[in-house]
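S.K.: This is the structure I want to talk about, given as structure tokens.
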Amino acid sequence: MNDDASDAQSVPDGAPRHTTEGQLPPASGPLTGTATVADTPSGTVESVPPPPRQNLVIREIMRGSAVTSILAIVLAMLVGGILIAVTSTDVQKAAGYFFARPGDTFGAIWTAVAGAYGALFQGAIINVQASSFGQAILPLTSTLGFAAPLTAAGLGVALAFRVGLFNIGAQGQMLIACAASALLTFDLGLPMALQLPVTLIVGIVGGAVWGGIVGLLKARTGAHEVILTIMLNYIAFYLVSWMVRTPHALQKPGTNQPISSPTPANGVFPALFGPQYPQLTWAFPIVLLATLIVWWLVERSSLGFRMRAVGENPNAARAAGISVPRMFVYAMLFAGGLAGLAGMIQIQSTITSGFDGGIHAGIGFDAITVALLGRSRAWGTLFAGILFGALKAGSFTMQALQGIPVDIVLVVQSLIVLFIAAPPLIRAIFFLPKTDEEKTAKAVRRSTKRAARKEAAA
């Protein structure tokens with residue numbers, strides 16, 4: 001009997017047989033998913049059971065956009081803390097003798113960062129030092145008041161995103177909404193039951209018309225919506241600026257100042273919980289209603305299904321019989337109306353003494369950030385608007401109590417957008433599991449590199 005035969009007989013049944021000299025046996029064991037004969041009591045090869053279901057659930061949760069968004073906010077706050085520490089004069093003084101007493105430097109860093117974020121919380125959520133519960137929740141009402149126009153404009157941007165349109169014209173849509181409402185409704189002198197809704201509706205329609213112009217030009221000519229919205233922003237700004245300087249247009253009678261007439265008292269939103277909370281008005285419940293309507297429109301209605309289909313793949317939607325140009329017009333009409341709602345909140349709740357070309361207060365561009373953070377979903381946009389409202393409300397307290405510049409909050413907002421736009425970076429920093437798309441892309445890159453190496457070697 002030769003050696004090969006003896007070797008073959010010595011291999012138990014079920015085990016791999018190797019007849020080629022010099023070839024390494026295949027890897028086996030629990031880590032490879034294949035058990036060896038010695039690993040099993042019966043002497044037969046058994047496969048490793050699949051992972052428990054709860055592990056798969058946890059993995060899917062960790063891959064989800066909600067976890068990525070939360071970690072992006074956390075990471076932005078950490079970077080913001082570093083900036084606060086670096087710019088603190090106390091930290092800089094303690095760092096001058098760091099090697100002599102390093103504890104003083106770390107203590108100064110903790111005091112600066114904790115004090116800044118403590119003041120942010122105190123100015124945005126609850127004032128723990130207040131003497132009464134009513135005064136303690138005043139910061140929360142300010143947060144919700146700031147969040148109302150941000151959320152409304154963010155919903156308009158998010159809805160356009162779902163249809164594949166990049167709407168950066170919320171600023172112009174807000175301005176035209178305010179101008180249309182002031183021209184057509186401020187002098188009506190109606191009772192509040194009529195004046196308030198008429199003022200609101202006219203403003204929403206004005207914003208919708210201004211947004212619809214973009215959708216119509218996009219549908220008829222194929223012009224890019226980014227260029228259209230940028231140009232219409234400039235047109236709206238200079239048009240409103242001219243109108244508030246022109247008598248018998250929007251300029252307040254009896255003055256030479258470039259400002260409009262004040263919003264009529266019957267057209268101002270009343271405070272939701274009384275005059276002790278002036279910034280929280282009935283505008284916030286209207287924004288909640290608008291969020292619900294947008295959610296139903298996009299996620300549950302047949303029109304929303306067609307708009308989402310166009311956003312996913314306009315060519316496939318067109319092949320399925322969906323009118324892509326019509327969806328563009330509808331999307332921009334809705335987006336402009338929501339931005340118009342944000343403008344009406346400004347002149348019916350926040351700034352009621354008269355407005356000019358700066359009435360948008362940067363909300364039109366902040367809405368893009370809110371929509372990105374909300375992942376272009378209605379309820380996500382609402383929570384993102386509340387978060388940015390909290391940052392805005394708390395930034396004033398940070399500056400007043402700790403001397404922290406308001407620009408630090410703007411940096412944090414920018415970092416949130418940066419990290420939201422780069423989910424692979426967040427997953428790499430926090431060691432989160434990759435998505436199937438990222439795994440596929442990585443495999444494609446590897447195969448492309450191997451093919452390139454083989455061609456170079458050949």
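Chain labels run A, B, ... following the order of the structure tokens; each chain numbers its residues from 1, and ligands are numbered from 1 in the order shown.
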For Ser414 of chain A, work out the shell of residues within 9 Å, counting only C-alpha atoms and skipping chain neighbours fewer than 4 positions away, then give it as a count of residues only.
M.R.: 6
S.K.: Which residues are close to Gln129 of chain A, i.e. within 12 Å by only C-alpha atoms, leaving aside same-chain residues fewer than 5 positions away? Reply as an MDAnalysis selection string.
M.R.: chainID A and resid 118:119 121:123 134:139
S.K.: Atom CA of Leu280 of chain A to atom CA of Trp210 of chain A: how many Å, to one decimal?
M.R.: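 If I compute the distance from atom CA of Leu280 of chain A to atom CA of Trp210 of chain A, I get 28.2 Å.
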S.K.: Near Pro262 of chain A, counting only C-alpha atoms, which residues have an atom at most 12 Å away, once you skip same-chain residues fewer than 3 positions from it, shown as a list of chain:residue names?
M.R.: A:Cys178, A:Ser181, A:Ala182, A:Leu183, A:Thr185, A:Phe186, A:Asp187, A:Val244, A:Leu250, A:Gln251, A:Lys252, A:Pro253, A:Ile259, A:Ala265, A:Asn266, A:Gly267, A:Val268, A:Ile347, A:Gln348, A:Ser349, A:Thr350, A:Ile351, A:Thr352, A:Ser353, A:Gly354, A:Phe355, A:Asp356
S.K.: Could you check how far atom CA of Gly156 of chain A sits from atom CA of Gly336 of chain A, in Å to one decimal?
M.R.: 6.5 Å
S.K.: Select from segment 71-177 of chain A every residue with an atom at most 12 Å from any atom of segment 317-326 of chain A, then for each give the shortest pair of atoms and their distance in Å to one decimal, using only C-alpha atoms, rows by chain and rising number, as a Markdown table.
M.R.:
```
| residue | atom | partner | partner_atom | distance |
| --- | --- | --- | --- | --- |
| A:Val163 | CA | A:Val324 | CA | 9.6 |
| A:Gly164 | CA | A:Val324 | CA | 10.7 |
| A:Leu165 | CA | A:Pro325 | CA | 11.8 |
```
S.K.: Please dump the current selection as a PDB file, in the first residue's frame; keep N, CA and C atoms.
M.R.:
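Now in out.pdb:
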```pdb
ATOM      1  N   VAL A 163     -38.846  65.249  -4.281  1.00  0.00           N
ATOM      2  CA  VAL A 163     -39.194  65.190  -5.701  1.00  0.00           C
ATOM      3  C   VAL A 163     -37.952  65.382  -6.576  1.00  0.00           C
ATOM      4  N   GLY A 164     -36.796  65.433  -5.948  1.00  0.00           N
ATOM      5  CA  GLY A 164     -35.560  65.583  -6.702  1.00  0.00           C
ATOM      6  C   GLY A 164     -35.223  67.009  -7.063  1.00  0.00           C
ATOM      7  N   LEU A 165     -35.820  67.987  -6.370  1.00  0.00           N
ATOM      8  CA  LEU A 165     -35.565  69.395  -6.637  1.00  0.00           C
ATOM      9  C   LEU A 165     -34.822  70.018  -5.471  1.00  0.00           C
TER      10      LEU A 165
END
```
S.K.: Pick out each residue of segment 109-323 of chain A that DSSP on the backbone tags as strand (DSSP E or B); I need them as a ChimeraX atom specification.
M.R.: /A:251,260,271,281
S.K.: Take the residues from that selection and write them out as a PDB file, in the first residue's frame, keeping N, CA, C and O atoms.
M.R.:
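Okay, this is what ended up in out_24.pdb:
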```
ATOM      1  N   GLN A 251     -44.191 101.344   1.672  1.00  0.00           N
ATOM      2  CA  GLN A 251     -43.603 102.211   2.691  1.00  0.00           C
ATOM      3  C   GLN A 251     -44.663 102.680   3.681  1.00  0.00           C
ATOM      4  O   GLN A 251     -45.790 103.003   3.313  1.00  0.00           O
ATOM      5  N   SER A 260     -42.155  98.895   6.104  1.00  0.00           N
ATOM      6  CA  SER A 260     -43.564  98.777   5.746  1.00  0.00           C
ATOM      7  C   SER A 260     -44.443  99.210   6.919  1.00  0.00           C
ATOM      8  O   SER A 260     -43.965  99.473   8.031  1.00  0.00           O
ATOM      9  N   ALA A 271     -50.871  85.011  21.673  1.00  0.00           N
ATOM     10  CA  ALA A 271     -50.001  84.111  22.424  1.00  0.00           C
ATOM     11  C   ALA A 271     -50.759  82.837  22.785  1.00  0.00           C
ATOM     12  O   ALA A 271     -51.945  82.874  23.135  1.00  0.00           O
ATOM     13  N   THR A 281     -46.734  81.538  20.044  1.00  0.00           N
ATOM     14  CA  THR A 281     -48.050  81.950  19.591  1.00  0.00           C
ATOM     15  C   THR A 281     -48.764  80.768  18.925  1.00  0.00           C
ATOM     16  O   THR A 281     -48.243  79.645  18.869  1.00  0.00           O
TER      17      THR A 281
END
```
S.K.: Hey, can you check how far atom CA of Pro264 of chain A sits from atom CA of Gly189 of chain A?
M.R.: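 That distance, rounded to one decimal, is 7.9 Å.
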S.K.: Counting only C-alpha atoms, which residue out of A:Ile368, A:Leu217, A:Val411, A:Leu184 sits closest to Leu232 of chain A?
M.R.: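 Answer, going by the shortest atom-to-atom distance: A:Leu217.
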S.K.: With only C-alpha atoms as the atoms that count, which of A:His360, A:Arg300, A:Arg445, A:Lys218 lies nearest to Phe328 of chain A?
M.R.: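 Smallest distance to Phe328 of chain A is found for A:Lys218.
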S.K.: Which residues are close to Leu333 of chain A, i.e. within 9 Å by only C-alpha atoms, leaving aside same-chain residues fewer than 2 positions away? Reply as a list in words.
M.R.: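 These residues fall inside the cut-off: Val205, Gly207, Ala208, Val209, Trp210, Gly211, Gly212, Ile213, Val214, Gly215, Phe328, Val329, Tyr330, Ala331, Ala335, Gly336, Gly337 and Leu338 of chain A.
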S.K.: Identify which of the residues A:Leu272, A:Met231, A:Ile204, A:Ile70 lies closest to Gly169 of chain A, counting only C-alpha atoms when measuring atom-to-atom distances.
M.R.: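 Once distances to Gly169 of chain A are computed over only C-alpha atoms, the minimum belongs to A:Met231.
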S.K.: Where does DSSP see alpha helix (DSSP H) in segment 56-293 of chain A, if you list the residues as JSON, numbers by chain?
M.R.: {"A": [56, 57, 58, 59, 60, 61, 62, 63, 65, 66, 67, 68, 69, 70, 71, 72, 73, 74, 75, 76, 77, 78, 79, 80, 81, 82, 83, 84, 85, 86, 87, 89, 90, 91, 92, 93, 94, 95, 102, 103, 104, 105, 106, 107, 108, 109, 110, 111, 112, 113, 114, 115, 116, 117, 118, 119, 120, 121, 122, 123, 124, 133, 134, 135, 136, 138, 139, 140, 141, 142, 143, 144, 145, 146, 147, 148, 149, 150, 151, 152, 153, 154, 155, 156, 157, 158, 159, 160, 161, 162, 170, 171, 172, 173, 174, 175, 176, 177, 178, 179, 180, 181, 182, 183, 184, 185, 192, 193, 194, 195, 196, 197, 198, 199, 200, 201, 202, 203, 204, 205, 206, 207, 208, 209, 210, 211, 212, 213, 214, 215, 216, 217, 218, 219, 220, 221, 225, 226, 227, 228, 229, 230, 231, 232, 233, 234, 235, 236, 237, 238, 239, 240, 241, 242, 243, 283, 284, 285, 286, 287, 288, 289, 290, 291, 292, 293]}
S.K.: Smallest atom-to-atom distance to Val298 of chain A: which of A:Pro149, A:Gly394, A:Gly364, A:Gly311, using only C-alpha atoms?
M.R.: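 Answer, going by the shortest atom-to-atom distance: A:Gly311.
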